[in-house]
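Peer 1: Contents of query_33.txt (compact mmCIF, C-alpha atoms and all ligand atoms):
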# COMPACT_ATOMS: atom_id res chain seq x y z
CA MET B 1158 -13.23 -5.59 1.87
CA LYS B 1159 -11.30 -8.29 3.69
CA TYR B 1160 -9.77 -7.27 7.01
CA PHE B 1161 -6.08 -7.77 7.64
CA GLN B 1162 -6.05 -11.13 9.46
CA ILE B 1163 -3.31 -12.05 11.91
CA LEU B 1164 -2.65 -15.56 13.19
CA ILE B 1165 -1.15 -15.65 16.69
CA VAL B 1166 0.78 -18.87 17.36
CA GLU B 1167 1.67 -19.03 21.04
CA ASP B 1168 1.29 -21.77 23.67
CA ASP B 1169 1.79 -19.43 26.64
CA GLN B 1170 -1.66 -18.18 27.52
CA SER B 1171 -0.56 -14.92 29.14
CA VAL B 1172 1.53 -13.89 26.14
CA ARG B 1173 -1.25 -14.97 23.78
CA ASN B 1174 -3.75 -12.86 25.72
CA LEU B 1175 -1.45 -9.86 25.73
CA ILE B 1176 -0.96 -10.01 21.95
CA ALA B 1177 -4.66 -10.63 21.34
CA ALA B 1178 -5.67 -7.70 23.55
CA THR B 1179 -3.18 -5.41 21.78
CA LEU B 1180 -4.45 -6.42 18.34
CA LYS B 1181 -8.05 -6.02 19.43
CA VAL B 1182 -7.47 -2.47 20.71
CA HIS B 1183 -5.89 -1.59 17.37
CA GLN B 1184 -8.74 -3.20 15.44
CA TYR B 1185 -6.85 -6.03 13.82
CA ALA B 1186 -8.74 -9.21 13.09
CA PHE B 1187 -6.95 -12.21 14.57
CA MET B 1188 -7.15 -15.90 15.34
CA THR B 1189 -5.05 -18.01 17.66
CA ALA B 1190 -3.25 -21.35 17.61
CA GLU B 1191 -1.60 -23.06 20.58
CA SER B 1192 0.46 -25.71 18.83
CA GLY B 1193 2.45 -26.22 15.65
CA GLU B 1194 -0.10 -28.60 14.24
CA GLU B 1195 -2.91 -26.13 14.87
CA ALA B 1196 -0.83 -23.31 13.38
CA ILE B 1197 -0.29 -25.15 10.08
CA ARG B 1198 -3.94 -26.18 9.89
CA CYS B 1199 -5.05 -22.61 10.53
CA ALA B 1200 -2.57 -21.13 8.04
CA VAL B 1201 -3.77 -23.49 5.30
CA SER B 1202 -7.52 -23.15 5.92
CA GLN B 1203 -7.78 -19.48 6.97
CA LYS B 1204 -4.99 -17.95 4.84
CA PRO B 1205 -4.03 -15.19 7.29
CA ASP B 1206 -2.19 -12.07 6.05
CA LEU B 1207 0.47 -12.32 8.76
CA ILE B 1208 1.67 -14.86 11.33
CA LEU B 1209 3.10 -14.00 14.74
CA LEU B 1210 5.01 -17.13 15.68
CA ASP B 1211 6.47 -18.36 18.95
CA LEU B 1212 9.46 -20.67 18.41
CA GLY B 1213 9.04 -22.86 21.49
CA LEU B 1214 5.85 -24.78 20.87
CA PRO B 1215 4.83 -27.97 22.71
CA ASP B 1216 4.71 -30.19 19.62
CA ALA B 1217 7.12 -28.51 17.20
CA ASP B 1218 10.08 -26.24 16.70
CA GLY B 1219 8.89 -22.92 15.30
CA VAL B 1220 11.68 -23.02 12.71
CA ASP B 1221 10.14 -26.18 11.22
CA ILE B 1222 6.79 -24.39 11.08
CA ILE B 1223 8.41 -21.55 9.13
CA LYS B 1224 9.98 -24.03 6.68
CA SER B 1225 6.70 -25.82 6.23
CA ILE B 1226 4.75 -22.61 5.53
CA ARG B 1227 7.48 -21.30 3.22
CA SER B 1228 7.14 -24.40 1.06
CA TRP B 1229 3.79 -23.08 -0.18
CA SER B 1230 3.38 -19.44 0.92
CA GLN B 1231 5.27 -16.14 1.10
CA LEU B 1232 2.95 -14.68 3.76
CA PRO B 1233 4.82 -12.52 6.30
CA ILE B 1234 6.00 -14.30 9.46
CA ILE B 1235 7.19 -12.38 12.52
CA VAL B 1236 8.87 -14.56 15.13
CA ILE B 1237 8.23 -13.64 18.75
CA SER B 1238 10.56 -15.63 20.94
CA ALA B 1239 12.23 -15.72 24.32
CA ARG B 1240 15.32 -17.07 22.58
CA SER B 1241 17.62 -14.10 22.22
CA GLU B 1242 20.72 -15.88 20.88
CA ASP B 1243 21.93 -14.69 17.49
CA SER B 1244 22.02 -18.30 16.29
CA ASP B 1245 18.28 -18.69 16.95
CA LYS B 1246 17.50 -15.48 15.09
CA ILE B 1247 19.67 -16.53 12.17
CA ARG B 1248 18.03 -19.98 11.97
CA ALA B 1249 14.57 -18.41 11.97
CA LEU B 1250 15.44 -15.72 9.42
CA ASP B 1251 17.24 -18.23 7.20
CA ALA B 1252 14.21 -20.50 7.30
CA GLY B 1253 12.17 -17.61 5.89
CA ALA B 1254 10.93 -15.49 8.81
CA ASP B 1255 10.55 -11.81 7.90
CA ASP B 1256 11.27 -10.33 11.28
CA TYR B 1257 12.22 -11.31 14.84
CA LEU B 1258 11.02 -9.88 18.13
CA THR B 1259 12.55 -10.95 21.45
CA LYS B 1260 10.44 -11.45 24.58
CA PRO B 1261 9.75 -9.42 26.62
CA PHE B 1262 8.69 -6.97 23.93
CA SER B 1263 6.81 -3.69 24.02
CA THR B 1264 3.39 -3.68 22.39
CA ASP B 1265 4.36 -0.49 20.55
CA GLU B 1266 7.27 -2.30 18.97
CA LEU B 1267 5.04 -5.23 18.02
CA LEU B 1268 2.58 -2.86 16.34
CA ALA B 1269 5.38 -1.09 14.48
CA ARG B 1270 6.67 -4.44 13.13
CA ILE B 1271 3.15 -5.37 12.03
CA ARG B 1272 2.85 -2.07 10.16
CA VAL B 1273 6.15 -2.78 8.38
CA ALA B 1274 4.80 -6.17 7.30
CA GLN B 1275 1.59 -4.53 6.10
CA ARG B 1276 3.49 -1.98 4.04
CA ARG B 1277 5.58 -4.72 2.52
CA LEU B 1278 2.40 -6.60 1.62
CA SER B 1279 0.73 -3.59 0.00
CA TYR B 1280 3.95 -2.97 -1.85
CA ILE B 1281 3.98 -6.51 -3.24
CA GLN B 1282 0.31 -6.15 -4.19
CA SER B 1283 0.90 -2.89 -6.03
CA ARG B 1284 3.56 -4.60 -8.13
CA ALA B 1285 1.02 -7.14 -9.30
CA GLU B 1286 -1.13 -4.29 -10.58
CA SER B 1287 1.55 -2.91 -12.87
CA SER B 1288 -0.10 -3.26 -16.25
CA GLY B 1289 -1.35 -0.83 -18.84
CA ILE B 1290 -0.19 2.77 -19.12
CA PHE B 1291 1.22 4.78 -16.24
CA GLN B 1292 1.21 8.57 -16.36
CA ASN B 1293 2.59 11.04 -13.84
CA SER B 1294 3.35 14.64 -14.82
CA ASP B 1295 4.93 14.31 -18.28
CA LEU B 1296 6.27 10.81 -17.64
CA ILE B 1297 4.50 8.00 -19.46
CA ILE B 1298 5.36 4.34 -19.01
CA ASP B 1299 3.80 1.69 -21.22
CA PHE B 1300 4.19 -1.45 -19.10
CA GLU B 1301 3.16 -3.81 -21.90
CA ALA B 1302 5.77 -2.43 -24.29
CA ALA B 1303 8.30 -1.59 -21.53
CA ALA B 1304 8.57 1.84 -23.16
CA VAL B 1305 9.19 5.16 -21.41
CA LYS B 1306 8.42 8.66 -22.67
CA CYS B 1307 9.15 11.95 -21.00
CA ALA B 1308 7.79 15.26 -22.32
CA GLY B 1309 6.93 13.46 -25.55
CA ARG B 1310 10.49 12.21 -25.97
CA LYS B 1311 11.37 8.50 -26.01
CA ILE B 1312 13.73 7.62 -23.14
CA HIS B 1313 16.23 4.82 -23.62
CA LEU B 1314 16.83 2.93 -20.40
CA THR B 1315 18.84 -0.20 -19.66
CA ALA B 1316 16.91 -3.19 -18.31
CA THR B 1317 17.94 -2.41 -14.71
CA GLU B 1318 17.11 1.29 -15.06
CA TYR B 1319 13.69 0.39 -16.44
CA ARG B 1320 12.98 -2.00 -13.58
CA LEU B 1321 13.98 0.67 -11.06
CA LEU B 1322 11.81 3.34 -12.66
CA LYS B 1323 8.90 0.91 -12.91
CA LEU B 1324 9.28 -0.03 -9.24
CA LEU B 1325 9.12 3.64 -8.22
CA ALA B 1326 6.20 4.27 -10.60
CA VAL B 1327 3.96 1.46 -9.36
CA ASN B 1328 4.67 2.66 -5.83
CA VAL B 1329 4.20 6.35 -6.67
CA GLY B 1330 3.88 8.49 -3.55
CA LYS B 1331 5.48 5.84 -1.33
CA VAL B 1332 9.01 5.92 0.03
CA LEU B 1333 10.90 2.75 -0.86
CA THR B 1334 13.87 2.01 1.36
CA TYR B 1335 17.29 1.14 -0.08
CA SER B 1336 16.99 -2.44 1.15
CA MET B 1337 13.50 -2.84 -0.31
CA ILE B 1338 14.64 -1.63 -3.72
CA ILE B 1339 17.88 -3.62 -3.71
CA LYS B 1340 16.12 -6.82 -2.66
CA GLU B 1341 13.63 -6.34 -5.45
CA ILE B 1342 16.12 -5.48 -8.21
CA TRP B 1343 19.23 -7.47 -7.25
CA GLY B 1344 17.81 -9.99 -4.78
CA SER B 1345 20.38 -9.19 -2.10
CA CYS B 1346 21.43 -6.31 0.10
CA LEU B 1347 25.13 -5.57 0.21
CA GLU B 1348 26.89 -2.24 0.70
CA THR B 1349 28.13 -2.39 -2.91
CA ASP B 1350 24.51 -2.65 -4.07
CA ILE B 1351 23.70 0.68 -2.38
CA VAL B 1352 26.52 2.35 -4.33
CA SER B 1353 25.27 0.70 -7.50
CA LEU B 1354 21.71 1.84 -6.75
CA ARG B 1355 22.86 5.46 -6.34
CA VAL B 1356 24.67 5.32 -9.69
CA HIS B 1357 21.63 3.90 -11.45
CA MET B 1358 19.29 6.45 -9.89
CA ALA B 1359 21.57 9.30 -10.96
CA THR B 1360 21.55 7.99 -14.53
CA ILE B 1361 17.77 7.62 -14.60
CA ARG B 1362 17.35 11.17 -13.32
CA LYS B 1363 19.67 12.47 -15.98
CA LYS B 1364 17.81 10.59 -18.71
CA ILE B 1365 14.41 11.89 -17.64
CA GLY B 1366 15.82 15.39 -17.15
CA ASP B 1367 14.90 15.52 -13.49
CA SER B 1368 17.47 18.15 -12.47
CA GLU B 1369 16.07 20.64 -15.02
CA ARG B 1370 12.53 20.27 -13.73
CA GLU B 1371 10.81 22.68 -11.41
CA GLU B 1372 9.03 19.69 -9.91
CA PRO B 1373 11.38 16.69 -9.95
CA LEU B 1374 9.78 13.27 -10.33
CA ILE B 1375 12.21 11.36 -8.15
CA GLU B 1376 12.84 12.42 -4.59
CA THR B 1377 15.80 11.31 -2.48
CA HIS B 1378 15.18 10.62 1.19
CA VAL B 1379 18.67 10.85 2.62
CA GLY B 1380 19.66 7.72 4.52
CA ILE B 1381 16.29 6.08 3.78
CA GLY B 1382 15.56 5.60 0.11
CA TYR B 1383 13.68 7.06 -2.87
CA SER B 1384 10.17 7.87 -3.92
CA MET B 1385 8.41 9.06 -7.04
CA VAL B 1386 6.45 12.22 -6.33
CA LYS B 1387 2.80 12.01 -7.35
CA TYR B 1388 1.55 14.91 -9.52
CA CA P 1401 6.37 -21.12 23.99
Let me see whether you can do it: turn the structure in this file into structure tokens.
Peer 2:
Amino acid sequence: MKYFQILIVEDDQSVRNLIAATLKVHQYAFMTAESGEEAIRCAVSQKPDLILLDLGLPDADGVDIIKSIRSWSQLPIIVISARSEDSDKIRALDAGADDYLTKPFSTDELLARIRVAQRRLSYIQSRAESSGIFQNSDLIIDFEAAAVKCAGRKIHLTATEYRLLKLLAVNVGKVLTYSMIIKEIWGSCLETDIVSLRVHMATIRKKIGDSEREEPLIETHVGIGYSMVKY
């Protein structure tokens, strides 16, 4: 099994050492780069699972590094920067960074952000594995035929409802946040999308008869998101 590899890109030795020590204590595998050029070279040759990126590098602007990496990879990038202006955060996030941490930061917060990135990664990976037949309780999804059956009865879903149910199914047992689901299904995250999501979920539940079940398949996590319960 390959360890989760983190690339630390930071020219300030004390910060680099702090991050490295934190990762080491928590048993993450890591490598370091001190310049933009080294960061790109390392990202291409070592294919890390996550990059922690300082914006102020001696030879490059971190935002350009993000753009360069995004031209060939979707690997998670967390910016760690002393720049706390909104405009800097927006530039980095627009360029494709996944998250932004302002210096000075607490190591606990850094570790929490890394865990979020890891969950996101395992969630993307589980999507790739969605083939064949899925079965949970009396729900059966045939991914090849995009067909759904519940208690032996064929369930007619719209394309969006099917995609939502499939997303919950391939992530069975995991809570998916509103923003995660909306990003995946609609590609954006607006307030109106949350309303739309609620409506769709209510319809799916009705179609699969979830309210009449002793053990409902779909669970609502108020203010957080939804999950499919694993039986
Ligand atoms: Ca720096």
Peer 1: Between B:Ser1225, B:Ser1238, B:Asn1174, B:Ser1353, which has the minimum distance to ligand CA 1401 (chain P) (counting all atoms listed in the file)?
Peer 2: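 Under the stated criterion, the closest residue is B:Ser1238.
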Peer 1: CA of Ile1312 (chain B) and CA of Phe1291 (chain B), how far apart in Å?
Peer 2: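 Answer for the CA of Phe1291 (chain B) to CA of Ile1312 (chain B) separation: 14.6 Å.
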Peer 1: Which protein, DNA or RNA residues have an atom within 8 Å of ligand CA 1401 (chain P), counting only C-alpha atoms and all ligand atoms, as a list in words?
Peer 2: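 Written in the requested form, the residues are Glu1167, Asp1168, Asp1169, Asp1211, Leu1212, Gly1213, Leu1214, Pro1215, Ser1238 and Ala1239 of chain B.
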Peer 1: Place a sphere of radius 7 Å on (20.9, 4.8, -18.8) in the file coordinates and name every protein, DNA or RNA residue with an atom inside or on its surface, counting all atoms listed in the file; give the answer as a PyMOL selection string.
Peer 2: chain B and resi 1313-1315+1318+1360-1361+1364
Peer 1: Restricting the calculation to only C-alpha atoms: of B:Ala1274, B:Val1182, B:Val1201, B:Ala1177, which residue gets closest to Phe1161 (chain B)?
Peer 2: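 Going through B:Ala1274, B:Val1182, B:Val1201, B:Ala1177 one by one, the smallest distance to Phe1161 (chain B) is for B:Ala1274.
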Peer 1: Determine the nearest neighbour of Glu1371 (chain B) from the options B:Ser1294, B:Lys1311, B:Thr1349, B:Leu1278, counting only C-alpha atoms.
Peer 2: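 The shortest atom-to-atom distance to Glu1371 (chain B) comes from B:Ser1294.
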Peer 1: Excluding same-chain residues fewer than 5 positions from region 1254-1256 of chain B, what lies within 8 Å of it counting all atoms listed in the file, as a list in words?
Peer 2: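 Non-adjacent residues within range: Ile1223, Pro1233, Ile1234, Ile1235, Val1236, Ala1249 and Arg1270 of chain B.
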Peer 1: If you count only C-alpha atoms, which residues fall within 12 Å of Ile1351 (chain B), apart from same-chain ones fewer than 6 positions away, as a PyMOL selection string?
Peer 2: chain B and resi 1334-1340+1342-1343+1345+1357-1358+1380-1383
Peer 1: If I wrap all listed atoms of region 1184-1196 of chain B in a box with edges along x, y and z and add 8 Å on each side, what are its centre and edge lengths in Å to one decimal, as JSON?
Peer 2:
{"center_x": -3.1, "center_y": -15.9, "center_z": 16.8, "size_x": 27.2, "size_y": 41.4, "size_z": 23.5}
Peer 1: Pick from B:Leu1333, B:Ala1186, B:Val1327, B:Ala1196: nearest to Phe1300 (chain B), with all atoms listed in the file counted?
Peer 2: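 When distances to Phe1300 (chain B) are compared using all atoms listed in the file, the smallest one comes from B:Val1327.
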Peer 1: What does the structure give for the distance between CA of Tyr1319 (chain B) and CA of Ser1230 (chain B), in Å to one decimal?
Peer 2: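 CA of Tyr1319 (chain B) sits 28.3 Å away from CA of Ser1230 (chain B).
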Peer 1: Can you tell me which residues surround Ile1290 (chain B) at a distance of at most 12 Å, considering only C-alpha atoms, apart from same-chain residues fewer than 2 positions away, and format the answer as a ChimeraX atom specification?
Peer 2: /B:1286-1288,1292-1293,1296-1306,1323,1326-1327
Peer 1: Find the residues near Ser1263 (chain B): any atom within 12 Å, counting only C-alpha atoms, skip ones fewer than 5 places away on the same chain, and give them as a ChimeraX atom specification.
Peer 2: /B:1172,1175-1176,1179,1237,1258,1268-1270
Peer 1: Restrict the selected residues to C-alpha atoms and save them as a PDB file, in the frame of the given file.
Peer 2:
ATOM      1  CA  VAL B1172       1.530 -13.890  26.140  1.00  0.00           C
ATOM      2  CA  LEU B1175      -1.450  -9.860  25.730  1.00  0.00           C
ATOM      3  CA  ILE B1176      -0.960 -10.010  21.950  1.00  0.00           C
ATOM      4  CA  THR B1179      -3.180  -5.410  21.780  1.00  0.00           C
ATOM      5  CA  ILE B1237       8.230 -13.640  18.750  1.00  0.00           C
ATOM      6  CA  LEU B1258      11.020  -9.880  18.130  1.00  0.00           C
ATOM      7  CA  LEU B1268       2.580  -2.860  16.340  1.00  0.00           C
ATOM      8  CA  ALA B1269       5.380  -1.090  14.480  1.00  0.00           C
ATOM      9  CA  ARG B1270       6.670  -4.440  13.130  1.00  0.00           C
TER      10      ARG B1270
END
Peer 1: Between CA of Met1188 (chain B) and CA of Leu1164 (chain B), what distance in Å does the model show, to one decimal?
Peer 2: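 For CA of Met1188 (chain B) relative to CA of Leu1164 (chain B), the distance reads 5.0 Å.
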